[in-house]
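Student: Structure provided below as structure tokens; questions to follow.
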Amino acid sequence: MHTLKEQIQSIINTSGAQMGVSLIHIESGEEIHINADESYPMASVLKIPVLCEAFHQMAAGAFTLDDRWPLTYPEKNIGSGVLTYLDEGLNPTVRDLLTLMIIISDNTATDMVMRRLGVEKVDGFMKALGVSDINLAFDIRGIFDDMYGHDGADPKTFIGDIHQQRTAPEMNRDGVSLKGGSTNNTATARDMTRLCAMIYRGEAVSREASDGMLHILLQQTLNQRLPRFLPYGVPFAHKTGTLSGIRNDAGILYANEENHIAITVFSRWDAEAVSGDKVAEWARMEAIDGAFGEIGLAVWEWYCS
């Protein structure tokens, strides 16, 4: 019988993508790492560190989950989420913003939170927790400014431009946002898994704060990667991340009452090879997401058998 590590390596080999994988079985302490120390752009997986720093600052009394932060037009962002389409003046609670940030990956909600926390504070907290290979360099708007050249543009202009385009926007693939290293929003699979394990164990801020984070992460609606092939009803507290050529997923798999697994899978793939062919691009992304699902299922079966 193949070991779990061998099964995961085989899935990676047939995926056509480059992957970094790290998992920690919470109860036994068993760890599996494959290319786990390579730096990958986190994309929206960065929202897990942001969630941690939000609860860290709440524990210090900076604000509460019930505080309300008004939506303004300059804070609106492109990409995933719904707040971009809603009226200026909406007054969501911090709880609302954190929930939107995680469960539908709302980029406007994320930047509303990140700008109040301070990007440098999120990064600093990761270093204080000892997960020093998790790097936060700029907010979500910074990613899109780097990729699409909207730096300094009126939000009404660049949001309208992106949403009304009939062709794919021109992308800067040589910028920092698609690269590894500490000048970008990056992490290794090993340190992201360590952070997820700390959240589950109650070691990130406090037990109460970790329970609050897990409550939000367990409501995730974007479940087409690691939990893709899991049996119905298996809880997975997690966050996905997506950029051109980047597909990620990280969190805690509640395999059963006796087995909990912190797991991260980061991936790179050749998006340029199918650029301009939407059918080929979709097929390629589905294949990679399927590989994520196979890894998630293999992990669940291993610890539940």
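Just so we're on the same page: first chain in the structure tokens is A, next is B, and so on; residues restart at 1 for each chain, and ligands are numbered from 1 in the order they show up.
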Write out as a PDB file with N, CA, C and O atoms, in the first residue's frame the residues lying within 12 Å of A:Thr264, counting only C-alpha atoms and excluding same-chain residues fewer than 5 positions away.

Tutor:
```pdb
ATOM      1  N   MET A  19       3.361  22.131  -7.231  1.00  0.00           N
ATOM      2  CA  MET A  19       2.635  22.261  -5.973  1.00  0.00           C
ATOM      3  C   MET A  19       3.554  22.184  -4.769  1.00  0.00           C
ATOM      4  O   MET A  19       4.533  21.433  -4.762  1.00  0.00           O
ATOM      5  N   GLY A  20       3.210  22.965  -3.751  1.00  0.00           N
ATOM      6  CA  GLY A  20       3.803  22.851  -2.428  1.00  0.00           C
ATOM      7  C   GLY A  20       2.727  22.385  -1.474  1.00  0.00           C
ATOM      8  O   GLY A  20       1.641  22.970  -1.424  1.00  0.00           O
ATOM      9  N   VAL A  21       2.991  21.311  -0.744  1.00  0.00           N
ATOM     10  CA  VAL A  21       1.987  20.701   0.130  1.00  0.00           C
ATOM     11  C   VAL A  21       2.561  20.528   1.528  1.00  0.00           C
ATOM     12  O   VAL A  21       3.719  20.117   1.689  1.00  0.00           O
ATOM     13  N   SER A  22       1.756  20.840   2.520  1.00  0.00           N
ATOM     14  CA  SER A  22       2.152  20.628   3.907  1.00  0.00           C
ATOM     15  C   SER A  22       0.924  20.254   4.711  1.00  0.00           C
ATOM     16  O   SER A  22      -0.134  20.865   4.561  1.00  0.00           O
ATOM     17  N   LEU A  23       1.044  19.228   5.555  1.00  0.00           N
ATOM     18  CA  LEU A  23      -0.062  18.893   6.443  1.00  0.00           C
ATOM     19  C   LEU A  23       0.470  18.472   7.805  1.00  0.00           C
ATOM     20  O   LEU A  23       1.571  17.932   7.930  1.00  0.00           O
ATOM     21  N   ILE A  24      -0.323  18.762   8.819  1.00  0.00           N
ATOM     22  CA  ILE A  24      -0.053  18.341  10.194  1.00  0.00           C
ATOM     23  C   ILE A  24      -1.302  17.652  10.715  1.00  0.00           C
ATOM     24  O   ILE A  24      -2.385  18.254  10.744  1.00  0.00           O
ATOM     25  N   GLU A  31       3.549  14.833  10.378  1.00  0.00           N
ATOM     26  CA  GLU A  31       3.653  15.878   9.364  1.00  0.00           C
ATOM     27  C   GLU A  31       4.063  15.283   8.031  1.00  0.00           C
ATOM     28  O   GLU A  31       4.843  14.332   7.979  1.00  0.00           O
ATOM     29  N   ILE A  32       3.533  15.851   6.949  1.00  0.00           N
ATOM     30  CA  ILE A  32       3.941  15.498   5.593  1.00  0.00           C
ATOM     31  C   ILE A  32       4.239  16.802   4.856  1.00  0.00           C
ATOM     32  O   ILE A  32       3.418  17.736   4.891  1.00  0.00           O
ATOM     33  N   HIS A  33       5.380  16.861   4.204  1.00  0.00           N
ATOM     34  CA  HIS A  33       5.776  18.069   3.487  1.00  0.00           C
ATOM     35  C   HIS A  33       6.325  17.689   2.112  1.00  0.00           C
ATOM     36  O   HIS A  33       7.174  16.808   1.997  1.00  0.00           O
ATOM     37  N   ILE A  34       5.827  18.360   1.093  1.00  0.00           N
ATOM     38  CA  ILE A  34       6.321  18.192  -0.276  1.00  0.00           C
ATOM     39  C   ILE A  34       6.538  19.582  -0.854  1.00  0.00           C
ATOM     40  O   ILE A  34       5.579  20.358  -0.986  1.00  0.00           O
ATOM     41  N   ASN A  35       7.773  19.934  -1.172  1.00  0.00           N
ATOM     42  CA  ASN A  35       8.094  21.291  -1.649  1.00  0.00           C
ATOM     43  C   ASN A  35       7.489  22.352  -0.729  1.00  0.00           C
ATOM     44  O   ASN A  35       7.024  23.396  -1.187  1.00  0.00           O
ATOM     45  N   ALA A  36       7.513  22.069   0.567  1.00  0.00           N
ATOM     46  CA  ALA A  36       6.772  22.884   1.527  1.00  0.00           C
ATOM     47  C   ALA A  36       7.485  24.160   1.919  1.00  0.00           C
ATOM     48  O   ALA A  36       6.891  25.008   2.604  1.00  0.00           O
ATOM     49  N   ASP A  37       8.731  24.328   1.522  1.00  0.00           N
ATOM     50  CA  ASP A  37       9.484  25.517   1.905  1.00  0.00           C
ATOM     51  C   ASP A  37       9.696  26.480   0.739  1.00  0.00           C
ATOM     52  O   ASP A  37      10.479  27.427   0.853  1.00  0.00           O
ATOM     53  N   TYR A  40       5.296  30.904  -2.300  1.00  0.00           N
ATOM     54  CA  TYR A  40       4.238  31.069  -3.301  1.00  0.00           C
ATOM     55  C   TYR A  40       3.440  32.339  -3.006  1.00  0.00           C
ATOM     56  O   TYR A  40       3.219  32.669  -1.828  1.00  0.00           O
ATOM     57  N   MET A  42       0.304  34.086  -1.989  1.00  0.00           N
ATOM     58  CA  MET A  42      -0.849  33.540  -1.274  1.00  0.00           C
ATOM     59  C   MET A  42      -2.154  33.785  -2.008  1.00  0.00           C
ATOM     60  O   MET A  42      -3.110  33.037  -1.836  1.00  0.00           O
ATOM     61  N   VAL A  45      -5.531  33.539   0.075  1.00  0.00           N
ATOM     62  CA  VAL A  45      -5.211  32.844   1.323  1.00  0.00           C
ATOM     63  C   VAL A  45      -4.629  33.822   2.344  1.00  0.00           C
ATOM     64  O   VAL A  45      -4.662  33.576   3.546  1.00  0.00           O
ATOM     65  N   ILE A  48      -6.435  34.640   5.694  1.00  0.00           N
ATOM     66  CA  ILE A  48      -6.296  33.944   6.980  1.00  0.00           C
ATOM     67  C   ILE A  48      -5.406  34.748   7.928  1.00  0.00           C
ATOM     68  O   ILE A  48      -5.810  35.006   9.072  1.00  0.00           O
ATOM     69  N   ALA A 187       3.779  33.044   1.061  1.00  0.00           N
ATOM     70  CA  ALA A 187       3.955  32.130   2.187  1.00  0.00           C
ATOM     71  C   ALA A 187       4.521  30.825   1.663  1.00  0.00           C
ATOM     72  O   ALA A 187       4.417  30.511   0.468  1.00  0.00           O
ATOM     73  N   THR A 188       5.109  30.056   2.556  1.00  0.00           N
ATOM     74  CA  THR A 188       5.417  28.667   2.269  1.00  0.00           C
ATOM     75  C   THR A 188       4.239  27.832   2.754  1.00  0.00           C
ATOM     76  O   THR A 188       3.514  28.222   3.687  1.00  0.00           O
ATOM     77  N   ALA A 189       4.056  26.670   2.130  1.00  0.00           N
ATOM     78  CA  ALA A 189       2.988  25.771   2.587  1.00  0.00           C
ATOM     79  C   ALA A 189       3.227  25.361   4.037  1.00  0.00           C
ATOM     80  O   ALA A 189       2.278  25.242   4.829  1.00  0.00           O
ATOM     81  N   ARG A 190       4.492  25.162   4.410  1.00  0.00           N
ATOM     82  CA  ARG A 190       4.799  24.744   5.785  1.00  0.00           C
ATOM     83  C   ARG A 190       4.300  25.769   6.804  1.00  0.00           C
ATOM     84  O   ARG A 190       3.627  25.412   7.788  1.00  0.00           O
ATOM     85  N   ASP A 191       4.609  27.049   6.589  1.00  0.00           N
ATOM     86  CA  ASP A 191       4.223  28.046   7.591  1.00  0.00           C
ATOM     87  C   ASP A 191       2.733  28.329   7.571  1.00  0.00           C
ATOM     88  O   ASP A 191       2.145  28.634   8.621  1.00  0.00           O
ATOM     89  N   MET A 192       2.083  28.251   6.405  1.00  0.00           N
ATOM     90  CA  MET A 192       0.638  28.449   6.397  1.00  0.00           C
ATOM     91  C   MET A 192      -0.058  27.313   7.139  1.00  0.00           C
ATOM     92  O   MET A 192      -1.026  27.540   7.887  1.00  0.00           O
ATOM     93  N   THR A 193       0.440  26.095   6.981  1.00  0.00           N
ATOM     94  CA  THR A 193      -0.136  24.971   7.718  1.00  0.00           C
ATOM     95  C   THR A 193       0.110  25.126   9.215  1.00  0.00           C
ATOM     96  O   THR A 193      -0.771  24.838  10.036  1.00  0.00           O
ATOM     97  N   ARG A 194       1.288  25.598   9.588  1.00  0.00           N
ATOM     98  CA  ARG A 194       1.571  25.838  11.001  1.00  0.00           C
ATOM     99  C   ARG A 194       0.608  26.878  11.576  1.00  0.00           C
ATOM    100  O   ARG A 194       0.116  26.726  12.700  1.00  0.00           O
ATOM    101  N   LEU A 195       0.307  27.928  10.803  1.00  0.00           N
ATOM    102  CA  LEU A 195      -0.636  28.941  11.264  1.00  0.00           C
ATOM    103  C   LEU A 195      -2.026  28.333  11.450  1.00  0.00           C
ATOM    104  O   LEU A 195      -2.690  28.593  12.462  1.00  0.00           O
ATOM    105  N   CYS A 196      -2.455  27.522  10.497  1.00  0.00           N
ATOM    106  CA  CYS A 196      -3.776  26.883  10.602  1.00  0.00           C
ATOM    107  C   CYS A 196      -3.838  25.975  11.832  1.00  0.00           C
ATOM    108  O   CYS A 196      -4.860  25.943  12.540  1.00  0.00           O
ATOM    109  N   ALA A 197      -2.758  25.251  12.093  1.00  0.00           N
ATOM    110  CA  ALA A 197      -2.717  24.390  13.274  1.00  0.00           C
ATOM    111  C   ALA A 197      -2.788  25.224  14.551  1.00  0.00           C
ATOM    112  O   ALA A 197      -3.459  24.844  15.535  1.00  0.00           O
ATOM    113  N   ARG A 225     -11.990  23.010  -4.220  1.00  0.00           N
ATOM    114  CA  ARG A 225     -10.592  22.552  -4.252  1.00  0.00           C
ATOM    115  C   ARG A 225     -10.405  21.402  -3.260  1.00  0.00           C
ATOM    116  O   ARG A 225     -10.861  20.300  -3.504  1.00  0.00           O
ATOM    117  N   LEU A 226      -9.751  21.625  -2.145  1.00  0.00           N
ATOM    118  CA  LEU A 226      -9.472  20.504  -1.242  1.00  0.00           C
ATOM    119  C   LEU A 226     -10.731  19.747  -0.793  1.00  0.00           C
ATOM    120  O   LEU A 226     -10.707  18.517  -0.719  1.00  0.00           O
ATOM    121  N   ALA A 237     -12.631  23.985   7.556  1.00  0.00           N
ATOM    122  CA  ALA A 237     -12.467  25.418   7.818  1.00  0.00           C
ATOM    123  C   ALA A 237     -11.295  25.914   6.981  1.00  0.00           C
ATOM    124  O   ALA A 237     -10.144  25.634   7.313  1.00  0.00           O
ATOM    125  N   HIS A 238     -11.578  26.670   5.915  1.00  0.00           N
ATOM    126  CA  HIS A 238     -10.485  26.935   4.972  1.00  0.00           C
ATOM    127  C   HIS A 238     -10.698  28.205   4.171  1.00  0.00           C
ATOM    128  O   HIS A 238     -11.745  28.840   4.221  1.00  0.00           O
ATOM    129  N   LYS A 239      -9.665  28.553   3.401  1.00  0.00           N
ATOM    130  CA  LYS A 239      -9.695  29.722   2.503  1.00  0.00           C
ATOM    131  C   LYS A 239      -8.926  29.392   1.240  1.00  0.00           C
ATOM    132  O   LYS A 239      -7.794  28.924   1.296  1.00  0.00           O
ATOM    133  N   THR A 240      -9.547  29.667   0.103  1.00  0.00           N
ATOM    134  CA  THR A 240      -8.892  29.493  -1.192  1.00  0.00           C
ATOM    135  C   THR A 240      -8.196  30.793  -1.613  1.00  0.00           C
ATOM    136  O   THR A 240      -8.409  31.854  -1.027  1.00  0.00           O
ATOM    137  N   GLY A 241      -7.373  30.686  -2.647  1.00  0.00           N
ATOM    138  CA  GLY A 241      -6.731  31.855  -3.235  1.00  0.00           C
ATOM    139  C   GLY A 241      -6.493  31.626  -4.714  1.00  0.00           C
ATOM    140  O   GLY A 241      -6.104  30.523  -5.116  1.00  0.00           O
ATOM    141  N   ARG A 247      -3.271  28.819  -7.897  1.00  0.00           N
ATOM    142  CA  ARG A 247      -4.484  28.263  -7.283  1.00  0.00           C
ATOM    143  C   ARG A 247      -4.080  27.648  -5.951  1.00  0.00           C
ATOM    144  O   ARG A 247      -3.200  26.780  -5.900  1.00  0.00           O
ATOM    145  N   ASN A 248      -4.729  28.089  -4.868  1.00  0.00           N
ATOM    146  CA  ASN A 248      -4.316  27.710  -3.515  1.00  0.00           C
ATOM    147  C   ASN A 248      -5.510  27.305  -2.664  1.00  0.00           C
ATOM    148  O   ASN A 248      -6.659  27.659  -2.962  1.00  0.00           O
ATOM    149  N   ASP A 249      -5.229  26.604  -1.576  1.00  0.00           N
ATOM    150  CA  ASP A 249      -6.250  26.299  -0.575  1.00  0.00           C
ATOM    151  C   ASP A 249      -5.535  25.930   0.718  1.00  0.00           C
ATOM    152  O   ASP A 249      -4.502  25.242   0.696  1.00  0.00           O
ATOM    153  N   ALA A 250      -6.077  26.384   1.854  1.00  0.00           N
ATOM    154  CA  ALA A 250      -5.450  26.110   3.146  1.00  0.00           C
ATOM    155  C   ALA A 250      -6.503  26.141   4.242  1.00  0.00           C
ATOM    156  O   ALA A 250      -7.428  26.954   4.200  1.00  0.00           O
ATOM    157  N   GLY A 251      -6.348  25.259   5.228  1.00  0.00           N
ATOM    158  CA  GLY A 251      -7.274  25.264   6.348  1.00  0.00           C
ATOM    159  C   GLY A 251      -7.144  24.048   7.225  1.00  0.00           C
ATOM    160  O   GLY A 251      -6.093  23.401   7.267  1.00  0.00           O
ATOM    161  N   ILE A 252      -8.241  23.715   7.905  1.00  0.00           N
ATOM    162  CA  ILE A 252      -8.268  22.592   8.832  1.00  0.00           C
ATOM    163  C   ILE A 252      -9.406  21.658   8.436  1.00  0.00           C
ATOM    164  O   ILE A 252     -10.576  22.045   8.423  1.00  0.00           O
ATOM    165  N   LEU A 253      -9.042  20.420   8.109  1.00  0.00           N
ATOM    166  CA  LEU A 253     -10.008  19.390   7.741  1.00  0.00           C
ATOM    167  C   LEU A 253     -10.448  18.647   8.997  1.00  0.00           C
ATOM    168  O   LEU A 253      -9.620  18.078   9.712  1.00  0.00           O
ATOM    169  N   PHE A 292      -6.551  19.063  -6.508  1.00  0.00           N
ATOM    170  CA  PHE A 292      -6.741  19.480  -5.122  1.00  0.00           C
ATOM    171  C   PHE A 292      -7.750  18.552  -4.436  1.00  0.00           C
ATOM    172  O   PHE A 292      -7.533  18.098  -3.307  1.00  0.00           O
ATOM    173  N   ILE A 295      -6.344  15.224  -3.562  1.00  0.00           N
ATOM    174  CA  ILE A 295      -5.483  15.296  -2.379  1.00  0.00           C
ATOM    175  C   ILE A 295      -6.346  15.339  -1.111  1.00  0.00           C
ATOM    176  O   ILE A 295      -6.090  14.616  -0.141  1.00  0.00           O
ATOM    177  N   GLY A 296      -7.374  16.183  -1.123  1.00  0.00           N
ATOM    178  CA  GLY A 296      -8.254  16.273   0.041  1.00  0.00           C
ATOM    179  C   GLY A 296      -8.904  14.938   0.368  1.00  0.00           C
ATOM    180  O   GLY A 296      -8.978  14.537   1.540  1.00  0.00           O
ATOM    181  N   VAL A 299      -6.361  12.427   1.849  1.00  0.00           N
ATOM    182  CA  VAL A 299      -6.065  12.736   3.249  1.00  0.00           C
ATOM    183  C   VAL A 299      -7.210  12.263   4.137  1.00  0.00           C
ATOM    184  O   VAL A 299      -6.998  11.624   5.181  1.00  0.00           O
TER     185      VAL A 299
END
```

Student: Using only C-alpha atoms, which of the listed residues (A:Gln7, A:Gln18, A:Gln57, A:Ser105) sits closest to A:Val265?

Tutor: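 For A:Val265, the nearest of the given residues is A:Gln18.
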
Student: Which residues are close to A:Ile102, i.e. within 12 Å by only C-alpha atoms, leaving aside same-chain residues fewer than 2 positions away? Reply as a VMD selection string.

Tutor: chain A and resid 44 to 52 80 to 81 95 to 100 104 to 110 113 213 to 223 237 to 241 250 to 251

Student: From the set A:Asn172, A:Thr3, A:Thr84, A:Asn185, which residue has the shortest atom-to-atom contact distance to A:Glu301, counting only C-alpha atoms?

Tutor: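 Under the stated criterion, the closest residue is A:Thr3.
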
Student: Take atom CA of A:Phe138 and atom CA of A:Gly124 and report the distance between them in Å, one decimal.

Tutor: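 Between these atoms lies a distance of 12.9 Å.
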
Student: Counting only C-alpha atoms, which residue out of A:Ile8, A:Ile288, A:Val122, A:Ala60 sits closest to A:Ile246?

Tutor: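 Among the listed residues, the smallest separation from A:Ile246 belongs to A:Ile288.
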
Student: Would you work out the distance separating atom CA of A:Trp300 from atom CA of A:Glu30, expressed in Å to one decimal?

Tutor: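 Calculated distance between atom CA of A:Trp300 and atom CA of A:Glu30 is 14.3 Å.
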
Student: From a DSSP pass on the backbone, collect the residues of stretch 25-151 of chain A flagged as strand (DSSP E or B) and hand them back as an MDAnalysis selection string.

Tutor: chainID A and resid 25 31:34 39:41 68 93 135

Student: Could you check the closest approach to A:Ala43 for each of A:Leu90, A:Leu243, A:Ala255, A:Ala209 and tell me which residue wins, using only C-alpha atoms?

Tutor: A:Leu243

Student: Taking only C-alpha atoms into account, which of A:Arg228, A:Arg116, A:Arg141, A:His56 comes nearest A:Pro70?

Tutor: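 Of all the options, A:Arg116 lies closest to A:Pro70.
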
Student: Pick from A:Met126, A:Glu294, A:Thr14, A:Ala59: nearest to A:Phe229, with only C-alpha atoms counted?

Tutor: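 Residue with the minimum atom-to-atom distance to A:Phe229: A:Glu294.
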
Student: Could you list, as number ranges by chain, every residue within 9 Å of A:Arg201, counting only C-alpha atoms and ignoring same-chain residues fewer than 6 positions away?

Tutor: A: 26, 207, 210

Student: Write down as an MDAnalysis selection string the residues of stretch 110-266 of chain A whose backbone DSSP state falls under alpha helix (DSSP H).

Tutor: chainID A and resid 110:117 119:129 140:148 155:164 189:201 207:217
